[in-house]
Each structure stands twice: as C-alpha cells, then as structure tokens.
>>> print(open('structure.cif').read())   # mmCIF, C-alpha atoms
data_structure
#
loop_
_atom_site.label_atom_id
_atom_site.label_comp_id
_atom_site.auth_asym_id
_atom_site.auth_seq_id
_atom_site.Cartn_x
_atom_site.Cartn_y
_atom_site.Cartn_z
CA GLY A 13 106.11 21.36 99.49
CA PHE A 14 104.94 23.45 102.44
CA VAL A 15 105.94 27.03 103.21
CA TYR A 16 106.47 28.13 106.82
CA ASN A 17 107.22 31.51 108.34
CA VAL A 18 109.64 30.60 111.13
CA THR A 19 110.90 34.06 112.01
CA PRO A 20 109.70 33.75 115.65
CA TYR A 21 111.32 30.30 115.92
CA MET A 22 114.85 31.42 115.00
CA GLU A 23 115.52 32.63 118.55
CA TYR A 24 114.47 29.27 119.99
CA HIS A 25 116.08 26.92 117.45
CA PRO A 26 118.41 24.51 119.33
CA GLY A 27 121.15 24.96 116.72
CA GLY A 28 120.82 28.73 116.54
CA GLU A 29 120.02 31.00 113.60
CA ASP A 30 123.20 30.14 111.71
CA GLU A 31 122.19 26.49 111.45
CA LEU A 32 118.79 27.43 110.00
CA MET A 33 120.36 29.77 107.47
CA LYS A 34 122.65 27.05 106.10
CA ALA A 35 119.73 25.72 104.05
CA ALA A 36 118.25 29.08 103.13
CA GLY A 37 117.42 29.21 99.44
CA THR A 38 118.39 25.57 98.82
CA ASP A 39 116.92 22.10 99.22
CA GLY A 40 117.35 21.53 102.96
CA THR A 41 115.87 18.04 103.24
CA ASP A 42 119.18 16.26 103.76
CA LEU A 43 120.37 18.79 106.33
CA PHE A 44 117.12 18.42 108.27
CA ASP A 45 117.32 14.61 108.23
CA GLN A 46 120.95 14.57 109.33
CA VAL A 47 120.31 16.61 112.46
CA HIS A 48 116.85 15.62 113.73
CA ARG A 49 114.87 13.43 111.41
CA TRP A 50 112.57 12.38 114.27
CA VAL A 51 111.29 15.89 114.98
CA ASN A 52 107.56 16.20 114.37
CA TYR A 53 107.81 19.48 112.48
CA GLU A 54 104.23 19.34 111.20
CA SER A 55 102.83 19.49 114.73
CA MET A 56 105.42 21.90 116.07
CA LEU A 57 105.14 24.43 113.24
CA LYS A 58 101.48 24.12 112.32
CA GLU A 59 100.76 27.68 113.46
CA CYS A 60 103.59 28.91 111.18
CA LEU A 61 102.21 27.33 108.02
CA VAL A 62 101.87 29.84 105.18
CA GLY A 63 100.69 27.42 102.50
CA ARG A 64 101.91 25.14 99.73
CA MET A 65 104.64 26.15 97.36
CA ALA A 66 103.25 27.37 94.02
CA VAL A 67 104.46 25.43 90.99
CA LYS A 68 104.04 28.45 88.72
CA PRO A 69 105.41 31.90 89.63
CA ILE A 70 102.88 34.25 91.22
CA ALA A 71 103.27 38.03 91.14
CA ALA A 72 103.85 39.53 94.52
CA PRO A 73 100.91 41.64 95.76
CA LYS A 74 101.25 45.40 95.38
CA GLY A 75 100.97 47.92 98.11
CA GLU A 76 102.31 48.11 101.64
CA GLY A 77 101.88 44.46 102.51
CA PHE A 78 105.29 43.25 101.34
CA LYS A 79 107.27 46.44 101.70
CA ASN A 80 109.76 44.58 103.92
CA GLU A 81 112.37 42.53 102.13
CA ILE A 82 112.30 38.77 102.10
CA ILE A 83 115.47 37.76 103.90
CA SER A 84 115.75 34.28 102.40
CA VAL A 85 113.79 31.41 100.95
CA MET A 86 114.56 27.77 101.68
CA LEU A 87 112.88 25.21 99.42
CA TYR A 88 112.61 21.50 100.06
CA SER A 89 112.02 20.44 96.46
CA ARG A 90 111.04 16.88 97.33
CA THR A 91 107.78 18.17 98.84
CA VAL A 92 109.00 17.54 102.38
CA LEU A 93 109.17 21.05 103.76
CA VAL A 94 109.48 24.58 102.48
CA LEU A 95 110.83 27.23 104.84
CA VAL A 96 110.48 30.95 104.22
CA VAL A 97 112.14 33.49 106.51
CA PHE A 98 110.82 37.08 106.34
CA SER A 99 111.92 40.17 108.21
CA LYS A 100 108.22 41.03 108.59
CA LEU A 101 105.25 39.32 106.99
CA LEU A 102 102.61 42.01 107.05
CA ALA A 103 100.48 40.67 104.20
CA LEU A 104 99.70 37.40 105.97
CA ASP A 105 97.03 37.24 108.63
CA LEU A 106 99.38 35.63 111.15
CA SER A 107 99.56 36.79 114.73
CA LEU A 108 103.08 36.50 116.13
CA LYS A 109 101.63 36.51 119.60
CA LYS A 110 99.48 33.50 118.71
CA ILE A 111 102.48 31.73 117.22
CA LEU A 112 104.60 32.32 120.31
CA ASN A 113 101.88 31.29 122.74
CA ASN A 114 100.75 28.18 120.92
CA VAL A 115 103.96 26.86 119.44
CA PHE A 116 106.93 27.90 121.49
CA GLY A 117 105.41 28.33 124.93
CA PHE A 118 105.77 24.81 126.14
CA TYR A 119 107.47 21.61 124.99
CA ASP A 120 108.35 19.21 122.21
CA TRP A 121 110.53 16.11 121.98
CA PHE A 122 112.66 14.27 119.47
CA GLN A 123 114.84 11.17 119.39
CA THR A 124 117.92 9.57 117.92
CA ASP A 125 118.70 5.87 117.98
CA SER A 126 119.95 6.07 121.57
CA LEU A 127 118.72 9.34 123.11
CA ILE A 128 115.46 11.12 123.92
CA THR A 129 115.52 14.94 124.09
CA ILE A 130 112.64 16.92 125.57
CA VAL A 131 112.79 20.65 124.82
CA ILE A 132 110.78 23.08 126.96
CA TYR A 133 110.47 26.66 125.70
CA THR A 134 109.82 28.81 128.76
CA LYS A 135 110.23 32.26 127.14
CA GLN A 136 111.97 33.32 130.38
CA LYS A 137 115.17 35.30 129.83
CA ASP A 138 116.65 34.43 133.23
CA MET A 139 116.35 30.64 133.25
CA ASN A 140 118.98 28.73 135.24
CA ALA A 141 119.63 25.20 136.50
CA GLU A 142 117.91 25.89 139.84
CA LEU A 143 114.58 26.50 138.08
CA ALA A 144 114.43 23.07 136.42
CA ILE A 145 113.60 19.94 138.45
CA VAL A 146 113.59 16.60 136.63
CA ASP A 147 112.92 13.06 137.85
CA CYS A 148 112.83 9.85 135.86
CA GLN A 149 111.79 6.74 137.76
CA ASP A 150 109.61 3.66 137.30
CA LYS A 151 108.86 4.46 133.62
CA ARG A 152 107.64 7.88 134.75
CA LEU A 153 109.16 11.16 133.61
CA ARG A 154 108.50 14.39 135.49
CA GLY A 155 109.96 17.75 134.52
CA GLU A 156 108.97 20.89 136.44
CA ILE A 157 109.99 24.42 135.45
CA ILE A 158 109.70 27.18 138.05
CA VAL A 159 108.55 30.57 136.76
CA ASP A 160 108.30 33.01 139.69
CA ASP A 161 105.43 31.74 141.86
CA HIS A 162 104.11 29.39 139.15
CA SER A 163 105.33 26.11 137.74
CA TYR A 164 104.99 24.34 134.41
CA LEU A 165 104.89 20.54 134.44
CA VAL A 166 105.68 17.87 131.86
CA GLU A 167 104.66 14.51 133.36
CA VAL A 168 104.20 11.26 131.45
CA GLY A 169 103.96 7.63 132.51
CA ARG A 170 104.19 4.24 130.85
CA CYS A 171 107.31 5.40 129.04
CA CYS A 172 109.54 2.96 127.23
CA ASN A 173 112.59 2.09 129.32
CA PHE A 174 115.22 4.69 130.13
CA ALA A 175 118.70 3.62 131.21
CA CYS A 176 118.21 5.45 134.53
CA GLU A 177 120.44 3.18 136.61
CA THR A 178 123.56 3.65 134.49
CA PHE A 179 123.08 7.04 132.82
CA SER A 180 122.77 10.38 134.58
CA LEU A 181 120.21 12.52 132.80
CA LEU A 182 121.48 15.77 131.35
CA VAL A 183 119.74 19.13 131.68
CA ASN A 184 120.99 21.94 129.46
CA ILE A 185 119.82 25.52 129.93
CA ALA A 186 119.96 28.18 127.22
CA GLU A 187 119.59 31.15 129.57
CA LYS A 188 119.27 33.87 126.92
CA VAL A 189 116.24 32.30 125.24
CA GLY A 190 114.78 30.39 128.19
CA LYS A 191 115.13 26.96 126.61
CA VAL A 192 115.47 23.82 128.75
CA GLU A 193 116.71 20.55 127.23
CA ILE A 194 116.27 17.26 129.09
CA ILE A 195 118.37 14.46 127.59
CA LEU A 196 117.87 10.80 128.56
CA LYS A 197 119.40 7.59 127.27
CA LYS A 198 117.18 4.82 125.92
CA LYS A 199 117.61 1.41 127.50
CA ASP A 200 117.05 -0.18 124.09
CA ASN A 201 117.88 1.39 120.73
CA ILE A 202 114.36 1.28 119.35
CA HIS A 203 112.16 3.93 117.76
CA TRP A 204 109.57 5.39 120.14
CA LYS A 205 106.14 6.17 118.74
CA MET A 206 105.30 8.43 121.70
CA LEU A 207 107.03 9.93 124.71
CA GLY A 208 104.59 8.36 127.15
CA GLN A 209 101.06 8.46 128.47
CA PRO A 210 100.19 11.98 129.73
CA LEU A 211 99.45 11.94 133.46
CA GLU A 212 96.81 14.01 135.25
CA HIS A 213 98.81 17.23 135.64
CA HIS A 214 100.82 16.95 132.42
CA ASN A 215 101.27 20.18 130.43
CA THR A 216 99.81 22.41 133.17
CA PHE A 217 100.89 25.86 134.33
CA ILE A 218 99.64 26.64 137.84
CA LYS A 219 100.73 28.34 141.07
CA ARG A 220 103.47 26.48 142.93
CA LYS A 221 101.46 26.37 146.14
CA ASP A 222 98.75 24.43 144.29
CA ARG A 223 101.22 21.95 142.77
CA GLY A 224 101.97 20.02 145.94
CA LEU A 225 105.27 18.45 146.98
CA PHE A 226 107.03 15.78 144.96
CA TYR A 227 109.47 13.41 146.68
CA ARG A 228 112.28 11.18 145.48
CA LYS A 229 114.28 8.66 147.53
CA CYS A 230 117.84 9.76 148.32
CA LYS A 231 120.58 7.53 149.71
CA LEU A 232 122.51 8.40 152.87
CA VAL A 233 126.21 8.26 151.93
CA SER A 234 127.87 9.87 154.97
CA LYS A 235 127.16 11.25 158.44
CA MET A 236 129.68 13.45 160.27
CA GLU A 237 129.69 15.06 163.71
CA VAL A 238 129.73 18.86 163.70
CA THR A 239 129.15 19.42 167.43
CA HIS A 240 128.15 17.22 170.36
CA ASP A 241 124.51 17.17 169.20
CA THR A 242 124.59 18.22 165.52
CA LYS A 243 125.55 16.16 162.47
CA LEU A 244 126.16 16.80 158.78
CA PHE A 245 124.18 14.35 156.63
CA CYS A 246 125.14 13.82 152.99
CA LEU A 247 122.34 12.47 150.78
CA MET A 248 122.91 11.33 147.21
CA LEU A 249 120.26 12.11 144.61
CA PRO A 250 119.27 9.37 142.15
CA LYS A 251 121.21 9.43 138.86
CA SER A 252 117.92 10.13 137.11
CA THR A 253 117.21 13.31 139.12
CA HIS A 254 118.22 16.89 138.42
CA LEU A 255 117.69 19.09 141.49
CA ARG A 256 119.48 22.23 142.67
CA VAL A 257 118.25 23.84 145.89
CA PRO A 258 118.36 27.65 145.54
CA THR A 259 119.95 29.84 148.21
CA GLY A 260 117.49 30.56 151.02
CA GLN A 261 115.15 27.67 150.20
CA HIS A 262 114.46 24.44 152.08
CA VAL A 263 113.40 20.87 151.38
CA TYR A 264 111.21 18.49 153.34
CA LEU A 265 112.35 15.10 154.61
CA LYS A 266 109.70 12.41 154.94
CA GLN A 267 109.85 9.28 157.10
CA ILE A 268 107.40 6.65 158.30
CA ILE A 269 107.70 6.52 162.09
CA ALA A 270 105.59 3.99 164.03
CA GLY A 271 103.27 3.69 161.06
CA THR A 272 102.77 7.46 160.72
CA GLU A 273 104.11 9.65 157.94
CA VAL A 274 106.17 12.49 159.42
CA VAL A 275 107.52 15.46 157.43
CA LYS A 276 110.06 18.09 158.57
CA PRO A 277 111.70 21.04 156.73
CA TYR A 278 115.48 21.49 156.56
CA THR A 279 117.68 23.98 154.71
CA PRO A 280 120.56 22.42 152.73
CA VAL A 281 124.06 23.71 153.39
CA LEU A 282 127.42 23.35 151.64
CA PRO A 283 129.82 20.56 152.65
CA PHE A 284 132.09 23.27 154.08
CA LEU A 285 132.55 27.05 154.00
CA PRO A 286 134.63 27.92 150.92
CA LEU A 287 137.60 30.06 151.86
CA ASP A 288 138.73 30.99 148.34
CA PHE A 289 136.42 33.54 146.75
CA LYS A 290 138.32 34.15 143.54
CA GLU A 291 135.81 32.04 141.62
CA PRO A 292 132.20 31.05 142.40
CA SER A 293 131.97 27.62 144.01
CA HIS A 294 130.40 24.94 141.86
CA TYR A 295 129.39 21.54 143.19
CA ASP A 296 128.47 18.44 141.27
CA GLY A 297 124.78 18.76 142.17
CA ALA A 298 124.57 15.05 142.93
CA HIS A 299 124.43 15.50 146.71
CA ILE A 300 122.39 17.39 149.30
CA TYR A 301 124.02 18.30 152.62
CA LEU A 302 121.90 18.85 155.72
CA MET A 303 123.13 20.05 159.13
CA ILE A 304 120.67 18.66 161.67
CA LYS A 305 120.51 18.89 165.45
CA ILE A 306 119.67 15.53 167.05
CA TYR A 307 117.22 15.96 169.94
CA SER A 308 117.25 13.31 172.67
CA CYS A 309 113.44 13.31 172.78
CA GLY A 310 112.84 14.05 169.11
CA LEU A 311 111.23 11.15 167.26
CA PHE A 312 112.15 12.47 163.81
CA THR A 313 115.78 13.38 164.45
CA GLN A 314 116.34 10.17 166.44
CA ALA A 315 115.04 8.18 163.46
CA LEU A 316 117.38 10.18 161.21
CA ASP A 317 120.32 9.49 163.46
CA HIS A 318 119.59 5.75 163.35
CA LEU A 319 119.70 5.64 159.54
CA GLN A 320 122.53 3.47 158.30
CA ILE A 321 124.82 4.35 155.41
CA GLY A 322 123.03 3.14 152.28
CA ASN A 323 119.54 3.65 153.73
CA CYS A 324 117.15 5.92 151.83
CA ILE A 325 114.94 8.83 152.86
CA SER A 326 112.40 10.82 150.84
CA VAL A 327 113.41 14.38 149.90
CA SER A 328 110.98 16.94 148.44
CA ASN A 329 111.32 19.66 145.84
CA PRO A 330 112.65 22.98 147.19
CA GLU A 331 110.31 25.56 148.70
CA GLY A 332 110.79 29.15 149.83
CA ASN A 333 110.37 32.77 148.78
CA PHE A 334 113.86 34.17 149.27
CA LYS A 335 115.18 36.07 146.24
CA LYS A 336 118.89 36.62 145.54
CA SER A 337 117.99 39.99 144.05
CA GLN A 338 117.46 41.24 147.61
CA VAL A 339 121.17 40.72 148.25
CA GLN A 340 122.27 42.10 144.88
CA THR A 341 120.81 45.53 145.67
CA SER A 342 122.21 45.74 149.23
CA GLU A 343 125.38 47.33 150.56
CA ASP A 344 125.26 46.07 154.16
CA LEU A 345 124.18 42.51 154.94
CA PHE A 346 123.45 41.44 158.53
CA LEU A 347 122.71 37.80 159.35
CA LEU A 348 121.10 37.01 162.71
CA ALA A 349 121.15 33.29 163.53
CA ALA A 350 120.41 31.16 166.58
CA GLY A 351 121.54 27.52 166.75
CA THR A 352 120.76 25.60 163.59
CA GLY A 353 119.14 28.78 162.28
CA PHE A 354 122.69 29.16 160.96
CA THR A 355 121.99 26.67 158.14
CA PRO A 356 120.25 29.10 155.71
CA MET A 357 123.14 31.50 156.25
CA VAL A 358 125.75 29.08 154.86
CA LYS A 359 124.74 29.33 151.19
CA LEU A 360 123.83 32.98 151.66
CA LEU A 361 127.33 33.75 152.97
CA ASN A 362 128.92 31.92 150.08
CA TYR A 363 126.76 33.73 147.52
CA ALA A 364 127.22 37.17 149.10
CA LEU A 365 131.00 37.00 149.38
CA THR A 366 131.48 35.30 146.02
CA GLU A 367 129.12 37.07 143.67
CA VAL A 368 127.93 40.38 145.17
CA SER A 369 130.70 42.92 144.76
CA CYS A 370 128.62 45.91 145.94
CA LEU A 371 128.50 44.64 149.54
CA ARG A 372 130.68 46.59 151.94
CA ILE A 373 129.78 44.66 155.12
CA VAL A 374 128.67 41.07 155.65
CA LYS A 375 128.18 40.44 159.35
CA LEU A 376 126.99 37.27 161.10
CA ILE A 377 125.66 37.65 164.66
CA PHE A 378 125.50 34.09 165.93
CA PHE A 379 123.55 33.26 169.13
CA ASN A 380 124.10 29.98 171.02
CA LYS A 381 123.84 28.62 174.56
CA THR A 382 127.44 27.50 175.08
CA ASP A 383 130.66 27.64 173.08
CA ASP A 384 130.33 23.89 172.43
CA ASP A 385 127.15 24.62 170.49
CA ILE A 386 128.76 26.95 167.94
CA LEU A 387 128.56 25.37 164.48
CA TRP A 388 131.65 25.59 162.24
CA ARG A 389 133.31 28.05 164.58
CA ASN A 390 136.81 27.43 163.21
CA GLN A 391 135.67 27.82 159.62
CA LEU A 392 133.89 31.08 160.41
CA GLU A 393 136.97 32.48 162.13
CA GLN A 394 139.12 31.50 159.14
CA LEU A 395 136.62 33.20 156.84
CA VAL A 396 137.08 36.47 158.76
CA LEU A 397 140.79 36.33 157.89
CA LYS A 398 140.09 35.56 154.23
CA ASP A 399 137.62 38.35 153.43
CA GLU A 400 137.91 41.78 155.03
CA ARG A 401 134.20 42.49 154.45
CA PHE A 402 133.15 39.61 156.70
CA GLU A 403 132.71 39.85 160.47
CA VAL A 404 131.32 37.32 162.94
CA GLN A 405 130.10 37.96 166.49
CA PHE A 406 129.43 34.98 168.79
CA ILE A 407 126.96 35.63 171.63
CA LEU A 408 126.28 33.02 174.34
CA SER A 409 123.36 32.83 176.76
CA GLN A 410 124.97 30.22 179.06
CA PRO A 411 128.71 30.86 178.74
CA SER A 412 131.42 29.03 180.66
CA LYS A 413 133.70 30.85 183.09
CA ASP A 414 136.43 30.94 180.45
CA TRP A 415 134.27 32.72 177.86
CA VAL A 416 135.61 36.22 177.11
CA GLY A 417 133.17 37.12 174.34
CA LYS A 418 129.74 38.67 174.43
CA GLN A 419 126.91 37.09 176.37
CA GLY A 420 123.16 37.54 176.56
CA LYS A 421 120.07 36.99 174.45
CA ILE A 422 118.71 38.88 171.48
CA SER A 423 117.57 42.38 172.47
CA SER A 424 117.34 45.90 171.13
CA SER A 425 120.35 47.07 173.11
CA LEU A 426 122.48 44.15 171.93
CA LEU A 427 121.51 44.58 168.29
CA SER A 428 122.02 48.33 168.35
CA GLU A 429 125.63 47.64 169.32
CA PHE A 430 126.33 45.34 166.37
CA VAL A 431 123.91 46.31 163.60
CA LYS A 432 125.38 49.55 162.29
CA ARG A 433 125.35 50.92 158.74
CA SER A 434 128.65 51.31 156.94
CA ARG A 435 127.35 54.70 155.76
CA THR A 436 124.35 56.78 156.76
CA ASP A 437 122.61 56.17 153.44
CA SER A 438 123.67 52.57 152.78
CA LYS A 439 121.07 49.99 151.74
CA VAL A 440 120.70 47.37 154.46
CA LEU A 441 119.37 43.82 154.36
CA ILE A 442 118.84 41.91 157.61
CA CYS A 443 118.13 38.15 157.53
CA ILE A 444 116.96 36.32 160.66
CA CYS A 445 116.61 32.60 161.33
CA GLY A 446 116.18 30.63 164.55
CA PRO A 447 113.47 29.45 166.94
CA THR A 448 110.17 31.32 166.61
CA PRO A 449 110.58 33.50 169.76
CA PHE A 450 114.09 34.47 168.60
CA ALA A 451 112.89 35.41 165.12
CA GLU A 452 109.88 37.36 166.43
CA GLN A 453 111.98 39.30 168.90
CA GLY A 454 114.59 39.97 166.23
CA VAL A 455 111.98 41.42 163.90
CA GLN A 456 110.57 43.61 166.68
#
>>> encode(input="structure.cif", output="structure tokens")
Amino acid sequence: GFVYNVTPYMEYHPGGEDELMKAAGTDGTDLFDQVHRWVNYESMLKECLVGRMAVKPIAAPKGEGFKNEIISVMLYSRTVLVLVVFSKLLALDLSLKKILNNVFGFYDWFQTDSLITIVIYTKQKDMNAELAIVDCQDKRLRGEIIVDDHSYLVEVGRCCNFACETFSLLVNIAEKVGKVEIILKKKDNIHWKMLGQPLEHHNTFIKRKDRGLFYRKCKLVSKMEVTHDTKLFCLMLPKSTHLRVPTGQHVYLKQIIAGTEVVKPYTPVLPFLPLDFKEPSHYDGAHIYLMIKIYSCGLFTQALDHLQIGNCISVSNPEGNFKKSQVQTSEDLFLLAAGTGFTPMVKLLNYALTEVSCLRIVKLIFFNKTDDDILWRNQLEQLVLKDERFEVQFILSQPSKDWVGKQGKISSSLLSEFVKRSRTDSKVLICICGPTPFAEQGVQ
C-alpha cells in the first residue's frame, strides 16, 4: 500500500474534508471506489507520496521532526492506497508550495458510466460563474478560466462524443476554494481512456490580450423594436456553452459581408430594467441581449437587421477592464450616456441598485438628439419611482417645440449643474459612454 500526505488537498477535495475523514484509520478502498473509481489518483497525488506502508512497525524518529500530532491514518489494506493526514509533516522533505503548484494548480478529470467531470483548481478565493467560459462543439472541448488579466485554458480535441445537442453542460463553482467543475454527458456509456488530444494552447496560463478571441455561433430567437431606429436582439447560446458577460464588458459580433469578415463590439444588456430590487436579478444565462442602433448606411447593422429568426451569428468571449469593486467603494455614482452609450449602463444600474447598499446617489444623465431617440424612457421613469436613490436627467440637442426638459450638448456648465456630491467628502465614481467626441469632452 502507498502512503500519501494529503493535508493540502483537503481544502480542494470535491466532497469536502468530512468525506475524506470517513475512511480515516480504516480500509477506505470500497468508499473510494463507490464515489470515483475512475479518478487517476496516482497521477494526481504523485507529489504527495510519502512511501510504501511498512509491514513491520517502525519506531517514530526522535526529536523535533514529529512534534506535531498525527491527526489520523487511513490504510487501504489491499495495497490500493494508503492515506495519512498530518497536522504538519516537518520530518519529511516535502514542500507544500511545490505540492500546491504542481498538483492542485490546474486540472484533472474523472468519469462515471454516463458523465465526464473536469475539475480545475484555480486557487482563487473569489471565483464566480462569470470567470469560467466553456464551449463543447465538434468533438472539441474548451474551458477558459479568467484570473485578473490572465487566463488559464483547458483545450482538447478528438474527444469521444458528448451529448451536446440534448444535454446542457453544467458548471459548478466552489467560490471559497476556487474550484471549477465542468460536467458533460457522454453520448455513449463507454469507458474513456483519455479526455482528448491536447490542442496547441492546452494547459497554458497567459495574458488575456495574448489569448485571442474565441467565437461560438448563437441563434437569433427574437428581435424587438425599442425606438424608431434601435432594436433589442435576443441571441441564444448553444446548449454546450457556458458564458456569462460581466457588468461593464462587451462581446464582438462577427459576420461575413460581401466576402469580408467584419467584427463589431457591443455591450450586452438585460431584457428589461428590473423594478423590484428586493433580491438580485438572476437570469438563465442561456441568452444574450443586445440593443443595437440600425444605421441606414451601415453595412454591419443592416446585415444584422436582415437576419431572420433562427439564423446564427458568431459571438466572442467577453472583453473589458471594468471592475465592480469600483462601484462597491463609491457613495455617489454618476452615469453619463449618449445614445446607445446607454447600453453599458443597463447592467451597471441593475448591479448598483441591487447589490451596493453604500450608494447614496445613482444618477443617469442621458443625452440624445430628440425625445424619440430616448431608449427605455418609460422604464427609466418608473425606476425613479421605485428607488429613491435613482435620478435620471434627459438632455436633448434637437428638441421638439413641446419639449420642456433640458436641452444642449455635454459641457462643463451643464455637468456642473447635475454632477454634485451628496456630501463634501463623498467618494464619487463617474462612468461615461457614447461617441468618441462625447466621451472625450466628458472626460475633459
């Protein structure tokens, strides 16, 4: 039997510490086989190997080496596996840092008769569903984990068949220990000898900007008018894709127009502005909503507008540098938007009013040409009535004679009227989005 020191692994064990301790001091072979007999423990725990179990008793070494108590000993008497758990193992020349880096830093996989589970150990204490992007298509599996400005990639091809068409993949996140589980259903209940053929960038950890964009085809399921020239497109992700676009980030749409590949960035929105902020809003994650202005002379938006329900378009992974932590430490939030520059503000509004209790003011200053151009005007006005912290100011540059609100373009005098701290020492965050001249002038 083999003896392993798995103290560092207890935090990462899928079943938790209690499950490991069930077999402590006893023959744990049957328990191991019942739960995950396919796990390649020899490879996964090779850095934890202490040695073989001694048949005859050996006196413990004297001195300071073993001054810490042995917590428990688990023996697999049928020479399958011996597990030893120590509080500290000072006498052994084992580096915990080496164990963590080489064993638990990246990924492993195991299988049952019908399922494949890939486990990625990120060692990040703030993992969430937005930081994991998974695609399974054409016998190719791609799982990307975002860690700040870097990404870790698991990418294999020539896999055995997954039941991608009928089974939505599952992604489970253990936030406290940074563990990501990707669960897929086998198309046939056969034993896999390997997960797949490693592709070029498999098992790499590099900067996100060097990773390049990855696209998947999404189906257009609905198209609704928002204003006279702006529409809300609803795209459905493939069942075999897990993708959540973080607040403040955008995706790229890709189309072939007249034989040329054209790519444009758009910021996903919500299907509507939630008006009940008692609980955070959760959506199924199966759809991406895009609010897009259709230009009469715009090749890309005209091609988008001519898409029929059921047609597909390529959608990239999210990109962007916005951090929610910027909002979490603010007391006054001002959002300056022009036209469809309103789209990044939709998720930001929802997040700010739902989950940031320290905010005293959330104010949207919304610039448009005419009142017919104002996106979701009714919803914004209802939101003012629902949350006393929220204010909206509509400003038009080409108002009609009936317009009684503010008019003009972005300027220092106009902003000084509306951008005012709730207190003299309050922490302020100002977010700006719109055409380049608007954004530049707003910053100035």
>>> resolve_selection(input="structure.cif", expression="the PyMOL selection byres ((chain A and resi 297-299) around 9)", output="PDB file with C-alpha atoms, in the coordinates of the input")
ATOM      1  CA  CYS A 230     117.840   9.760 148.320  1.00  0.00           C
ATOM      2  CA  CYS A 246     125.140  13.820 152.990  1.00  0.00           C
ATOM      3  CA  LEU A 247     122.340  12.470 150.780  1.00  0.00           C
ATOM      4  CA  MET A 248     122.910  11.330 147.210  1.00  0.00           C
ATOM      5  CA  LEU A 249     120.260  12.110 144.610  1.00  0.00           C
ATOM      6  CA  PRO A 250     119.270   9.370 142.150  1.00  0.00           C
ATOM      7  CA  LYS A 251     121.210   9.430 138.860  1.00  0.00           C
ATOM      8  CA  THR A 253     117.210  13.310 139.120  1.00  0.00           C
ATOM      9  CA  HIS A 254     118.220  16.890 138.420  1.00  0.00           C
ATOM     10  CA  LEU A 255     117.690  19.090 141.490  1.00  0.00           C
ATOM     11  CA  ARG A 256     119.480  22.230 142.670  1.00  0.00           C
ATOM     12  CA  HIS A 294     130.400  24.940 141.860  1.00  0.00           C
ATOM     13  CA  TYR A 295     129.390  21.540 143.190  1.00  0.00           C
ATOM     14  CA  ASP A 296     128.470  18.440 141.270  1.00  0.00           C
ATOM     15  CA  ILE A 300     122.390  17.390 149.300  1.00  0.00           C
ATOM     16  CA  TYR A 301     124.020  18.300 152.620  1.00  0.00           C
TER      17      TYR A 301
END
>>> resolve_selection(input="structure.cif", expression="the PyMOL selection byres ((chain A and resi 320) around 12)", output="number ranges by chain")
A: 231-235, 245-247, 315-319, 321-325
>>> axis_aligned_box(input="structure.cif", around="range 400-404 of chain A", padding_each_side="6 Å", output="JSON")
{"center_x": 134.6, "center_y": 39.9, "center_z": 158.7, "size_x": 18.6, "size_y": 17.2, "size_z": 20.5}
>>> closest_residue(input="structure.cif", among="A:Ser409, A:Thr239, A:Gln340, A:Ser326", to="Thr352 in chain A", atoms="only C-alpha atoms")
A:Thr239
>>> resolve_selection(input="structure.cif", expression="the PyMOL selection byres ((chain A and resi 143) around 6)", output="count of residues only")
6
>>> residues_around(input="structure.cif", residues="Leu165 in chain A", least_positions_apart="2", cutoff="9 Å", atoms="only C-alpha atoms", output="mmCIF file with C-alpha atoms, keeping the file's coordinate frame")
data_model
loop_
_atom_site.group_PDB
_atom_site.id
_atom_site.type_symbol
_atom_site.label_atom_id
_atom_site.label_comp_id
_atom_site.auth_asym_id
_atom_site.auth_seq_id
_atom_site.Cartn_x
_atom_site.Cartn_y
_atom_site.Cartn_z
ATOM 1 C CA ARG A 154 108.500 14.390 135.490
ATOM 2 C CA GLY A 155 109.960 17.750 134.520
ATOM 3 C CA GLU A 156 108.970 20.890 136.440
ATOM 4 C CA ILE A 157 109.990 24.420 135.450
ATOM 5 C CA ILE A 158 109.700 27.180 138.050
ATOM 6 C CA SER A 163 105.330 26.110 137.740
ATOM 7 C CA GLU A 167 104.660 14.510 133.360
ATOM 8 C CA HIS A 213 98.810 17.230 135.640
ATOM 9 C CA HIS A 214 100.820 16.950 132.420
ATOM 10 C CA ASN A 215 101.270 20.180 130.430
ATOM 11 C CA THR A 216 99.810 22.410 133.170
ATOM 12 C CA PHE A 217 100.890 25.860 134.330
ATOM 13 C CA ILE A 218 99.640 26.640 137.840
#
>>> residues_around(input="structure.cif", residues="Glu403 in chain A", least_positions_apart="5", cutoff="7 Å", atoms="all atoms listed in the file", output="MDAnalysis selection string")
chainID A and resid 374:376 396
>>> closest_residue(input="structure.cif", among="A:Arg401, A:Lys34, A:Lys151, A:Lys229", to="Leu345 in chain A", atoms="all atoms listed in the file")
A:Arg401
>>> closest_atom_pairs(input="structure.cif", of="range 264-289 of chain A", to="range 382-392 of chain A", cutoff="9 Å", atoms="all atoms listed in the file", output="tab-separated table")
residue	atom	partner	partner_atom	distance
A:Phe284	CA	A:Gln391	CA	8.0
A:Leu285	CA	A:Gln391	CA	6.5
A:Pro286	CA	A:Gln391	CA	8.8
A:Leu287	CA	A:Gln391	CA	8.3
>>> closest_residue(input="structure.cif", among="A:Gly169, A:Ala350, A:Lys359, A:Thr341", to="Leu371 in chain A", atoms="all atoms listed in the file")
A:Thr341
>>> closest_residue(input="structure.cif", among="A:Arg228, A:Arg433, A:Lys439, A:Lys398", to="Leu265 in chain A", atoms="only C-alpha atoms")
A:Arg228
>>> residues_around(input="structure.cif", residues="Met303 in chain A", least_positions_apart="5", cutoff="8 Å", atoms="only C-alpha atoms", output="list in words")
Thr242, Lys243, Leu244, Phe245, Pro280, Val281, Thr352 and Thr355 of chain A
>>> atom_distance(input="structure.cif", atom1="CA of Leu43 in chain A", atom2="CA of Val183 in chain A")
25.4 Å
>>> closest_residue(input="structure.cif", among="A:Leu127, A:Leu196, A:Val189, A:Leu360", to="Gln149 in chain A", atoms="only C-alpha atoms")
A:Leu196
>>> atom_distance(input="structure.cif", atom1="CA of Lys188 in chain A", atom2="CA of Arg223 in chain A")
26.8 Å
>>> closest_residue(input="structure.cif", among="A:Ala186, A:Ile444, A:Leu181, A:Leu225", to="Met139 in chain A", atoms="only C-alpha atoms")
A:Ala186
